[in-house]
file query.txt (compact mmCIF, C-alpha atoms)
# COMPACT_ATOMS: atom_id res chain seq x y z
CA MET A 400 94.85 33.18 267.27
CA THR A 401 93.89 36.29 265.49
CA LYS A 402 91.48 38.46 267.28
CA LYS A 403 88.41 39.27 265.32
CA SER A 404 86.03 41.96 266.09
CA VAL A 405 82.89 43.32 264.68
CA GLN A 406 81.88 46.90 264.76
CA ALA A 407 78.75 48.66 263.93
CA LEU A 408 78.42 52.32 263.61
CA GLY A 409 75.46 54.24 264.77
CA LEU A 410 74.63 57.16 262.63
CA THR A 411 72.05 58.85 264.73
CA ALA A 412 72.65 61.87 262.65
CA MET A 413 74.07 61.42 259.22
CA LEU A 414 73.66 64.59 257.34
CA PHE A 415 74.41 64.82 253.69
CA ALA A 416 74.19 68.22 252.15
CA GLY A 417 72.95 67.63 248.65
CA ALA A 418 72.46 63.88 248.62
CA ALA A 419 71.03 61.42 251.05
CA LEU A 420 72.78 58.07 251.19
CA SER A 421 69.67 56.25 250.11
CA ILE A 422 69.20 58.31 247.00
CA GLU A 423 71.13 57.87 243.78
CA PRO A 424 73.37 60.86 243.48
CA ALA A 425 72.16 63.52 241.14
CA HIS A 426 74.23 64.05 238.07
CA ALA A 427 73.44 67.72 238.06
CA ALA A 428 76.48 69.89 237.82
CA SER A 429 75.02 72.16 240.44
CA ALA A 430 75.79 69.67 243.17
CA THR A 431 78.40 71.29 245.31
CA GLY A 432 79.62 67.98 246.58
CA ASP A 433 80.12 69.06 250.13
CA ALA A 434 78.95 66.28 252.35
CA THR A 435 78.84 66.47 256.08
CA VAL A 436 78.95 63.31 258.10
CA LYS A 437 78.30 63.32 261.79
CA ILE A 438 78.94 60.09 263.57
CA LEU A 439 77.63 59.71 267.05
CA SER A 440 78.01 56.12 268.02
CA ALA A 441 80.11 53.09 267.25
CA ILE A 442 80.58 49.74 268.85
CA THR A 443 83.26 47.09 268.75
CA VAL A 444 83.09 43.53 269.96
CA THR A 445 86.36 41.74 270.60
CA LYS A 446 87.06 38.31 271.98
CA SER A 447 89.30 38.53 275.01
CA SER A 448 89.48 34.84 275.86
CA ASP A 449 88.41 31.48 274.46
CA LEU A 450 86.08 29.16 276.29
CA ASP A 451 88.60 26.50 277.30
CA PHE A 452 87.58 23.27 279.01
CA GLY A 453 91.19 22.27 279.64
CA LYS A 454 92.08 18.63 279.16
CA ILE A 455 89.86 15.74 280.08
CA VAL A 456 90.31 12.02 280.42
CA PRO A 457 86.98 10.27 280.03
CA SER A 458 85.70 7.39 282.13
CA ALA A 459 83.40 4.43 281.69
CA ALA A 460 80.42 6.58 282.66
CA ALA A 461 79.08 9.70 280.98
CA ALA A 462 79.66 12.92 282.91
CA THR A 463 79.86 16.66 282.42
CA VAL A 464 82.53 19.31 282.76
CA ALA A 465 81.22 22.78 283.56
CA ILE A 466 83.20 25.99 283.23
CA ALA A 467 81.65 28.94 285.07
CA GLU A 468 81.96 32.59 284.15
CA ASP A 469 84.62 32.98 286.87
CA ASN A 470 86.77 30.42 284.96
CA SER A 471 86.24 27.77 287.65
CA ARG A 472 85.70 24.16 286.66
CA VAL A 473 83.41 21.46 287.98
CA CYS A 474 84.72 18.10 286.83
CA GLY A 475 82.07 15.38 286.65
CA SER A 476 82.48 12.26 288.71
CA GLY A 477 84.77 9.68 287.16
CA LEU A 478 86.44 12.16 284.81
CA SER A 479 89.97 13.42 285.20
CA CYS A 480 90.33 17.11 284.42
CA PHE A 481 93.54 19.05 284.25
CA GLY A 482 95.05 22.11 282.62
CA THR A 483 93.82 25.66 282.98
CA THR A 484 90.27 26.56 282.12
CA THR A 485 88.77 29.85 281.05
CA ALA A 486 85.30 31.08 280.28
CA GLY A 487 84.75 32.76 276.96
CA ALA A 488 85.09 36.50 277.38
CA PHE A 489 84.25 39.38 275.11
CA ALA A 490 84.97 43.06 275.39
CA VAL A 491 82.58 45.62 274.04
CA THR A 492 83.59 49.19 273.45
CA GLY A 493 81.42 51.89 272.03
CA THR A 494 79.49 54.99 272.83
CA ALA A 495 79.21 55.95 276.47
CA ASN A 496 75.91 55.02 278.10
CA GLU A 497 74.51 53.17 275.11
CA THR A 498 72.55 50.00 275.73
CA VAL A 499 72.94 46.83 273.69
CA SER A 500 71.64 43.31 274.07
CA VAL A 501 73.77 40.19 274.07
CA ALA A 502 72.60 36.76 272.97
CA ILE A 503 74.11 33.37 272.29
CA ASP A 504 72.44 32.40 269.06
CA ASN A 505 73.04 28.67 269.30
CA PRO A 506 73.29 27.78 273.00
CA SER A 507 73.39 24.07 272.21
CA ILE A 508 76.20 23.00 269.92
CA THR A 509 77.95 19.81 268.94
CA LEU A 510 81.68 19.35 268.83
CA THR A 511 83.18 16.80 266.50
CA ASP A 512 86.61 15.31 266.11
CA GLY A 513 86.37 15.46 262.36
CA GLY A 514 85.24 11.85 262.33
CA SER A 515 82.19 10.19 263.77
CA ASN A 516 82.72 11.18 267.41
CA SER A 517 80.94 14.10 268.94
CA MET A 518 80.11 15.81 272.23
CA ALA A 519 77.36 18.28 273.09
CA VAL A 520 78.05 21.62 274.73
CA ALA A 521 75.51 23.91 276.41
CA LEU A 522 76.51 27.58 276.49
CA ALA A 523 75.14 30.35 278.66
CA THR A 524 75.79 33.94 279.58
CA THR A 525 74.39 35.87 282.51
CA THR A 526 74.65 39.10 280.52
CA SER A 527 71.60 39.65 278.37
CA ALA A 528 71.72 43.42 278.18
CA MET A 529 74.45 45.84 278.98
CA THR A 530 74.85 49.54 279.31
CA LEU A 531 78.27 50.68 278.27
CA SER A 532 80.12 52.65 280.92
CA GLY A 533 80.82 56.36 280.89
CA THR A 534 83.95 55.53 278.93
CA GLY A 535 82.02 53.28 276.56
CA ALA A 536 83.32 49.97 277.87
CA GLY A 537 81.52 46.75 278.66
CA SER A 538 82.16 43.04 278.70
CA PHE A 539 80.40 39.72 278.94
CA LYS A 540 81.37 36.12 279.54
CA VAL A 541 80.23 32.78 278.22
CA ALA A 542 80.04 29.72 280.45
CA GLY A 543 79.78 26.19 279.12
CA THR A 544 78.86 22.67 280.09
CA LEU A 545 80.45 19.85 278.14
CA ASN A 546 78.77 16.45 277.98
CA VAL A 547 81.44 13.77 277.88
CA GLY A 548 80.14 10.37 276.83
CA ALA A 549 81.01 7.05 278.38
CA ASN A 550 84.44 6.04 277.09
CA GLN A 551 84.48 9.11 274.89
CA VAL A 552 87.09 8.57 272.20
CA ALA A 553 90.19 10.70 272.78
CA GLY A 554 90.96 13.32 270.21
CA SER A 555 90.75 16.96 269.35
CA TYR A 556 87.19 18.17 269.21
CA SER A 557 86.20 21.46 267.70
CA GLY A 558 83.09 23.49 267.05
CA GLN A 559 81.76 26.99 266.61
CA TYR A 560 79.29 29.11 268.48
CA SER A 561 77.69 32.40 267.67
CA VAL A 562 77.12 35.40 269.84
CA SER A 563 75.46 38.57 268.70
CA VAL A 564 75.26 42.06 270.02
CA SER A 565 71.98 43.69 269.11
CA TYR A 566 70.92 47.26 268.78
CA GLN A 567 67.41 48.00 269.89
CA MET B 814 77.49 53.11 241.63
CA GLY B 815 78.78 56.52 240.67
CA TYR B 816 81.99 58.15 241.61
CA TYR B 817 80.16 60.60 243.79
CA MET B 818 78.59 57.81 245.76
CA LYS B 819 81.91 56.15 246.27
CA ARG B 820 83.30 59.40 247.52
CA ILE B 821 80.51 59.69 250.03
CA MET B 822 81.07 56.18 251.23
CA MET B 823 84.78 56.74 251.52
CA MET B 824 84.08 59.79 253.58
CA VAL B 825 81.75 57.81 255.76
CA ALA B 826 84.43 55.21 256.20
CA MET B 827 87.13 57.76 256.87
CA ALA B 828 85.02 59.70 259.29
CA ALA B 829 84.12 56.45 260.94
CA SER B 830 87.72 55.36 261.25
CA HIS B 831 88.51 58.67 262.75
CA ALA B 832 85.65 58.51 265.20
CA LEU B 833 86.58 54.97 266.08
CA ALA B 834 90.23 55.64 266.65
CA PRO B 835 90.11 55.37 270.45
CA THR B 836 88.03 52.23 270.16
CA ILE B 837 90.25 50.56 267.61
CA ALA B 838 93.28 51.22 269.71
CA GLN B 839 91.93 48.78 272.25
CA ALA B 840 91.00 46.09 269.78
CA ALA B 841 93.54 44.12 267.83
CA ALA B 842 91.54 44.50 264.65
CA GLY B 843 88.29 46.20 263.94
CA ASP B 844 86.67 44.16 261.25
CA LEU B 845 83.24 45.34 260.41
CA LEU B 846 81.56 48.67 260.39
CA VAL B 847 77.85 48.88 259.74
CA ALA B 848 75.94 52.09 259.34
CA PRO B 849 73.30 53.07 260.24
CA THR B 850 72.36 50.93 263.24
CA ARG B 851 68.61 51.27 262.97
CA LEU B 852 66.33 51.51 259.94
CA ILE B 853 62.76 52.74 259.93
CA MET B 854 61.15 52.24 256.56
CA ALA B 855 57.92 53.14 254.83
CA PRO B 856 56.03 50.68 252.60
CA ASN B 857 57.51 50.33 249.12
CA SER B 858 60.69 52.17 249.91
CA GLY B 859 64.36 51.43 249.67
CA GLY B 860 67.35 52.00 251.83
CA GLU B 861 70.99 51.12 252.15
CA VAL B 862 73.35 49.94 254.80
CA VAL B 863 77.06 50.54 254.37
CA VAL B 864 79.36 47.69 255.33
CA ASN B 865 83.02 48.55 255.73
CA ASN B 866 85.89 46.22 256.49
CA THR B 867 87.89 48.20 259.02
CA GLY B 868 90.15 45.23 259.67
CA ASP B 869 93.58 44.58 258.25
CA ARG B 870 92.81 41.64 256.01
CA ALA B 871 90.20 40.45 253.56
CA THR B 872 87.10 39.14 255.30
CA THR B 873 83.86 37.59 254.18
CA TYR B 874 80.66 38.72 255.82
CA ARG B 875 77.34 36.96 255.70
CA ILE B 876 74.20 39.02 255.93
CA SER B 877 70.91 37.49 256.97
CA LEU B 878 67.47 38.61 258.04
CA VAL B 879 66.44 37.14 261.37
CA LEU B 880 63.65 37.43 263.91
CA ARG B 881 64.23 38.70 267.41
CA LYS B 882 61.80 39.46 270.18
CA MET B 883 61.99 41.61 273.24
CA THR B 884 61.15 40.28 276.67
CA ALA B 885 59.56 42.17 279.56
CA GLN B 886 63.06 42.34 281.02
CA GLY B 887 64.15 44.30 277.98
CA THR B 888 66.43 41.60 276.64
CA ILE B 889 66.40 40.51 273.01
CA GLU B 890 66.04 36.86 272.16
CA SER B 891 66.30 34.82 269.01
CA VAL B 892 63.04 33.62 267.50
CA ASP B 893 62.97 30.44 265.48
CA GLU B 894 61.53 31.25 262.09
CA ALA B 895 59.79 27.88 261.94
CA THR B 896 57.84 28.44 265.14
CA ALA B 897 57.20 32.18 264.81
CA SER B 898 53.63 33.36 264.38
CA GLN B 899 52.55 34.51 260.95
CA ARG B 900 52.30 38.06 262.24
CA ASP B 901 55.77 38.00 263.75
CA ALA B 902 57.33 36.46 260.65
CA ALA B 903 55.52 38.77 258.22
CA ALA B 904 58.45 41.18 258.05
CA LEU B 905 60.63 38.50 256.49
CA ASP B 906 58.41 38.59 253.41
CA LEU B 907 58.26 42.38 253.27
CA ILE B 908 61.98 43.06 253.39
CA THR B 909 64.45 42.17 250.67
CA TYR B 910 68.17 42.67 250.82
CA ALA B 911 71.16 42.06 248.62
CA PRO B 912 73.87 40.96 248.51
CA ARG B 913 73.84 38.31 251.20
CA LYS B 914 77.55 37.65 251.25
CA ILE B 915 80.31 40.18 250.84
CA THR B 916 84.04 39.74 250.69
CA LEU B 917 85.86 42.95 251.37
CA ALA B 918 89.52 43.84 251.23
CA PRO B 919 90.80 45.90 254.15
CA GLN B 920 89.30 49.38 254.23
CA GLN B 921 86.91 48.50 251.42
CA SER B 922 83.21 49.18 251.75
CA GLN B 923 80.07 48.05 250.03
CA THR B 924 76.42 48.90 250.19
CA VAL B 925 73.72 46.41 251.10
CA ARG B 926 70.45 47.40 249.50
CA ILE B 927 67.31 47.07 251.55
CA GLY B 928 63.93 47.05 249.85
CA VAL B 929 60.44 47.03 251.33
CA ARG B 930 57.44 45.78 249.35
CA VAL B 931 54.14 45.79 251.20
CA PRO B 932 51.05 44.26 249.59
CA PRO B 933 48.03 46.62 249.55
CA THR B 934 46.08 44.17 251.68
CA MET B 935 48.62 44.29 254.49
CA PRO B 936 47.01 45.39 257.77
CA GLY B 937 48.44 48.60 259.21
CA GLY B 938 50.98 48.36 261.96
CA GLU B 939 54.64 47.86 262.62
CA TYR B 940 56.58 44.92 261.22
CA ARG B 941 60.12 44.19 262.20
CA ALA B 942 63.03 41.95 261.38
CA HIS B 943 66.70 42.27 262.21
CA LEU B 944 69.63 42.35 259.82
CA LEU B 945 72.45 40.20 261.11
CA PHE B 946 75.99 40.97 259.96
CA ARG B 947 78.45 38.26 260.74
CA ALA B 948 82.09 37.81 259.86
CA VAL B 949 82.64 34.33 258.46
CA PRO B 950 85.65 32.89 260.29
CA ASP B 951 88.65 31.77 258.32
CA VAL B 952 89.65 28.19 258.80
CA ALA B 953 92.97 29.45 260.12
CA ASP B 954 91.04 31.46 262.64
CA ALA B 955 89.85 28.46 264.55
CA ALA B 956 91.72 27.96 267.79
CA ALA B 957 94.36 25.41 266.99
CA PRO B 958 93.44 22.10 268.60
CA GLN B 959 96.07 21.01 271.04
CA PRO B 960 97.71 17.60 270.86
CA ALA B 961 95.48 15.07 272.51
CA THR B 962 97.95 12.47 273.52
CA ASP B 963 96.65 12.36 277.05
CA GLY B 964 92.90 12.55 276.68
CA MET B 965 90.87 14.97 274.69
CA SER B 966 91.15 18.63 273.87
CA ILE B 967 88.51 20.99 272.80
CA SER B 968 88.53 24.15 270.76
CA LEU B 969 85.54 26.39 270.39
CA THR B 970 85.56 29.18 267.87
CA PRO B 971 83.27 32.08 268.60
CA ILE B 972 81.65 33.87 265.72
CA TYR B 973 80.21 37.19 266.60
CA GLY B 974 77.96 39.55 264.83
CA VAL B 975 75.91 42.65 265.14
CA THR B 976 72.20 42.97 264.49
CA ILE B 977 70.28 46.09 263.62
CA PRO B 978 66.48 46.35 263.55
CA VAL B 979 64.67 47.03 260.29
CA ILE B 980 61.28 48.45 261.18
CA VAL B 981 58.54 48.72 258.55
CA ARG B 982 55.61 50.95 259.41
CA VAL B 983 52.41 50.53 257.44
CA GLY B 984 49.77 53.25 257.80
CA GLU B 985 51.54 55.42 260.39
CA PRO B 986 50.89 53.37 263.52
CA LYS B 987 50.63 55.46 266.68
CA GLY B 988 52.47 54.85 269.88
CA SER B 989 53.42 56.53 273.11
CA ALA B 990 55.70 55.97 276.05
CA SER B 991 55.44 56.59 279.78
CA LEU B 992 57.42 55.69 282.86
CA SER B 993 56.25 53.81 285.89
CA ASN B 994 57.48 52.30 289.12
CA ALA B 995 60.77 54.19 289.27
CA ARG B 996 62.83 53.14 292.27
CA LEU B 997 66.37 53.93 293.31
CA SER B 998 68.33 51.41 295.31
CA VAL B 999 71.82 50.86 296.65
CA GLN B 1000 73.07 47.31 296.77
CA GLU B 1001 76.59 46.16 297.47
CA GLY B 1002 77.85 49.68 297.09
CA GLN B 1003 76.27 50.08 293.67
CA ALA B 1004 73.44 52.49 293.07
CA GLN B 1005 70.91 51.73 290.40
CA LEU B 1006 67.62 52.98 289.11
CA ASP B 1007 64.97 50.49 288.09
CA VAL B 1008 62.08 51.76 286.04
CA ASP B 1009 59.40 50.31 283.79
CA LEU B 1010 59.04 51.82 280.34
CA MET B 1011 55.35 51.56 279.44
CA ARG B 1012 54.39 51.46 275.79
CA ALA B 1013 50.95 52.05 274.28
CA GLY B 1014 49.76 51.85 270.70
CA GLU B 1015 51.00 49.88 267.73
CA ARG B 1016 54.50 51.17 267.17
CA SER B 1017 57.73 50.73 269.06
CA VAL B 1018 59.18 53.53 271.13
CA TYR B 1019 62.86 54.46 271.23
CA GLY B 1020 64.86 57.05 273.07
CA THR B 1021 67.16 58.13 275.89
CA LEU B 1022 66.54 57.68 279.60
CA ASP B 1023 67.98 60.15 282.12
CA LEU B 1024 67.99 60.31 285.89
CA MET B 1025 68.18 63.94 286.98
CA GLN B 1026 67.32 66.46 289.63
CA SER B 1027 63.72 67.59 289.32
CA ASP B 1028 64.89 71.13 288.68
CA GLY B 1029 68.17 70.21 287.05
CA LYS B 1030 69.42 70.24 283.50
CA THR B 1031 72.35 67.86 283.74
CA PRO B 1032 71.59 64.13 283.96
CA ILE B 1033 73.03 62.20 286.88
CA ALA B 1034 72.94 59.04 284.79
CA THR B 1035 71.99 58.33 281.19
CA ILE B 1036 71.18 55.32 279.06
CA LYS B 1037 70.84 55.70 275.31
CA GLY B 1038 69.32 53.63 272.57
CA VAL B 1039 66.52 52.14 274.65
CA ALA B 1040 63.55 50.66 272.80
CA ALA B 1041 60.29 48.98 273.68
CA TYR B 1042 59.05 46.89 270.78
CA PRO B 1043 55.35 46.32 270.08
CA GLU B 1044 55.46 42.80 271.54
CA VAL B 1045 55.93 44.29 275.01
CA ALA B 1046 53.46 46.64 276.74
CA GLN B 1047 56.14 47.40 279.27
CA ARG B 1048 59.76 46.62 279.76
CA HIS B 1049 62.16 46.89 282.62
CA ILE B 1050 65.18 49.19 282.43
CA MET B 1051 68.08 49.10 284.86
CA LEU B 1052 70.20 52.21 284.92
CA PRO B 1053 73.51 52.08 286.81
CA VAL B 1054 74.02 55.26 288.83
CA ASP B 1055 77.33 56.69 289.98
CA ARG B 1056 77.04 57.13 293.74
CA ALA B 1057 79.27 60.18 293.83
CA ALA B 1058 77.15 61.88 291.20
CA LEU B 1059 74.04 60.90 293.13
CA ALA B 1060 75.44 62.32 296.34
CA ARG B 1061 76.16 65.62 294.63
CA ALA B 1062 72.58 65.93 293.49
CA THR B 1063 70.36 67.69 295.96
CA GLY B 1064 66.60 67.87 296.15
CA PRO B 1065 63.99 65.67 294.54
CA LEU B 1066 64.87 63.44 291.58
CA LYS B 1067 63.05 62.51 288.41
CA VAL B 1068 63.53 60.08 285.56
CA ARG B 1069 62.96 61.30 282.03
CA PHE B 1070 62.50 59.44 278.74
CA VAL B 1071 63.01 61.48 275.58
CA GLU B 1072 61.86 59.72 272.43
CA THR B 1073 64.25 59.98 269.51
CA ASP B 1074 62.15 57.96 267.06
CA PRO B 1075 61.24 60.25 264.15
CA ALA B 1076 57.56 59.33 264.54
CA SER B 1077 57.50 60.51 268.15
CA GLY B 1078 58.08 64.22 267.65
CA GLY B 1079 60.54 64.13 270.52
CA ALA B 1080 57.90 63.30 273.11
CA VAL B 1081 59.08 63.51 276.72
CA SER B 1082 57.73 61.55 279.66
CA GLU B 1083 58.80 61.92 283.26
CA ALA B 1084 58.24 60.29 286.62
CA PRO B 1085 59.37 61.23 290.12
CA VAL B 1086 62.00 59.09 291.80
CA ALA B 1087 62.12 58.53 295.55
CA ARG B 1088 65.55 58.40 297.16
CA PRO B 1089 66.34 55.15 298.96
call {"tool": "encode", "arguments": {"input": "query.txt", "output": "structure tokens"}}
result
Amino acid sequence: MTKKSVQALGLTAMLFAGAALSIEPAHAASATGDATVKILSAITVTKSSDLDFGKIVPSAAAATVAIAEDNSRVCGSGLSCFGTTTAGAFAVTGTANETVSVAIDNPSITLTDGGSNSMAVALATTTSAMTLSGTGAGSFKVAGTLNVGANQVAGSYSGQYSVSVSYQ
Amino acid sequence: MGYYMKRIMMMVAMAASHALAPTIAQAAAGDLLVAPTRLIMAPNSGGEVVVNNTGDRATTYRISLVLRKMTAQGTIESVDEATASQRDAAALDLITYAPRKITLAPQQSQTVRIGVRVPPTMPGGEYRAHLLFRAVPDVADAAAPQPATDGMSISLTPIYGVTIPVIVRVGEPKGSASLSNARLSVQEGQAQLDVDLMRAGERSVYGTLDLMQSDGKTPIATIKGVAAYPEVAQRHIMLPVDRAALARATGPLKVRFVETDPASGGAVSEAPVARP
């Protein structure tokens, strides 16, 4: 799976000699055209692992499978769980000592098998704000609880969730 | 857009790539660059945000205007537009932006125009919404579902984005910051400073927090980009402190907040810190 990452660049000082970015450039020939750009902060968010519930065999009763931030699994009674599990993990790199907030935008999502079957997932993270380290590094994890229905139909279920890193 | 403008943006992008080089080295692909990361706007003004695809393949980005609120803990939470108060949601009507979807080839950049139109009857104060930039995942990007011959398998695709605040100030709202209840503690081998950032007035405050010796010039610990939005009269800040740096510091300590918001005039507030 291709890693995707999102960066934002903080221009705490963005100095343009002659033209500000928000102003249409002057057509005057007198413009010297020398522009100075000073960039002070940048941030990157990269996924380092998927939230993986492993494999599950459902039972006649509804139950949940919970994956904690330490990758451990709690398999609900009646279910059979196997395979490795991982919490979702994201790495943040940016400017040393800068603070950013982290939020899961849709903590309740629904997974579908492409047909009429679905399962609900509740997502959570214990990191709501982080201060990047002196080297500009930080990370956060996403835990999840999967609601498996009674006699949930076997198949491959998929869904999306959104996390955002916010500047203040 | 003129040639000159494109040149400027290219330079922004190039400078950014350069500045980001150590960061990018750690990430497989850096996809989106947004600059600046904070906009403070006057009524009936315009601004621009540069979006640059720093990744290695064409990507579509969706841009939306969303509501966020700060809690007393200093965290930022989503606010449902449908349930937001009229006052809180007012910024959504004041701010326009275009385009809302951008597809960029690698290393290509585009400008998102931000406009602010404030009706003359609008009460003075600060109005805020947040621009959300989000890479739209390719279908191929989704984690490939595994064969489910022996039960069920699950694949969850994370979509991640960055938000930046767009702050509209009507009638130069005043505001000030102060610090309170600063306390230094050592728990499980980690030192940290807890302090409350107090905010008064109608505008948000924004700046840098430093822990330092009372008579010193060099911070022992620093946290940048800290805000308190108008919806909170105070917010908690936790500042991790390096124990070795703390041990090197002698004499009394203080915590300092230097406002970097242009409306603040660089105001400085300080409070003494007791050692644990």
call {"tool": "axis_aligned_box", "arguments": {"input": "query.txt", "around": "stretch 446-456 of chain A", "padding_each_side": "3 Å", "output": "lines of an AutoDock Vina configuration file"}}
result
center_x = 89.1
center_y = 25.3
center_z = 276.2
size_x = 12.0
size_y = 32.5
size_z = 14.4
call {"tool": "closest_residue", "arguments": {"input": "query.txt", "among": "B:Ala1076, B:Ala1034, B:Leu905, B:Val981", "to": "chain A", "atoms": "only C-alpha atoms"}}
result
B:Ala1034
call {"tool": "closest_residue", "arguments": {"input": "query.txt", "among": "B:Pro936, B:Pro986, B:Pro1089, B:Gly974", "to": "chain A", "atoms": "only C-alpha atoms"}}
result
B:Gly974
call {"tool": "residues_near_point", "arguments": {"input": "query.txt", "point": "(66.7, 46.3, 264.5)", "cutoff": "9 Å", "atoms": "all atoms listed in the file", "output": "ChimeraX atom specification"}}
result
/A:565-567 /B:850-853,881,941-944,976-980
call {"tool": "atom_distance", "arguments": {"input": "query.txt", "atom1": "atom CA of B:Lys1030", "atom2": "atom CA of B:Leu997"}}
result
19.3 Å
call {"tool": "residues_around", "arguments": {"input": "query.txt", "residues": "A:Gln559", "least_positions_apart": "6", "cutoff": "7 Å", "atoms": "all atoms listed in the file", "output": "list in words"}}
result
Leu969, Thr970, Pro971 and Ile972 of chain B
call {"tool": "residues_near_point", "arguments": {"input": "query.txt", "point": "(85.4, 9.7, 282.0)", "cutoff": "9 Å", "atoms": "all atoms listed in the file", "output": "list in words"}}
result
Ile455, Val456, Pro457, Ser458, Ala459, Ala460, Ala461, Ala462, Thr463, Gly475, Ser476, Gly477, Leu478, Ser479, Val547, Gly548, Ala549, Asn550 and Gln551 of chain A
call {"tool": "closest_residue", "arguments": {"input": "query.txt", "among": "B:Leu992, B:Ile967, B:Met883, B:Ile1033", "to": "A:Thr484", "atoms": "only C-alpha atoms"}}
result
B:Ile967
call {"tool": "residues_around", "arguments": {"input": "query.txt", "residues": "B:Val863", "least_positions_apart": "6", "cutoff": "8 Å", "atoms": "only C-alpha atoms", "output": "MDAnalysis selection string"}}
result
chainID B and resid 822 846:849 922:925
call {"tool": "atom_distance", "arguments": {"input": "query.txt", "atom1": "atom CA of B:Ser1027", "atom2": "atom CA of B:Pro1085"}}
result
7.7 Å
call {"tool": "atom_distance", "arguments": {"input": "query.txt", "atom1": "atom CA of B:Thr888", "atom2": "atom CA of B:Leu1052"}}
result
14.0 Å
call {"tool": "closest_residue", "arguments": {"input": "query.txt", "among": "A:Thr525, A:Ser447, A:Asn546, A:Asn496", "to": "chain B", "atoms": "only C-alpha atoms"}}
result
A:Asn496
call {"tool": "closest_residue", "arguments": {"input": "query.txt", "among": "A:Leu545, A:Leu450, A:Ala519, A:Ala467", "to": "chain B", "atoms": "only C-alpha atoms"}}
result
A:Leu450
call {"tool": "closest_residue", "arguments": {"input": "query.txt", "among": "A:Ser500, A:Pro506, A:Leu522, A:Val464", "to": "chain B", "atoms": "all atoms listed in the file"}}
result
A:Ser500
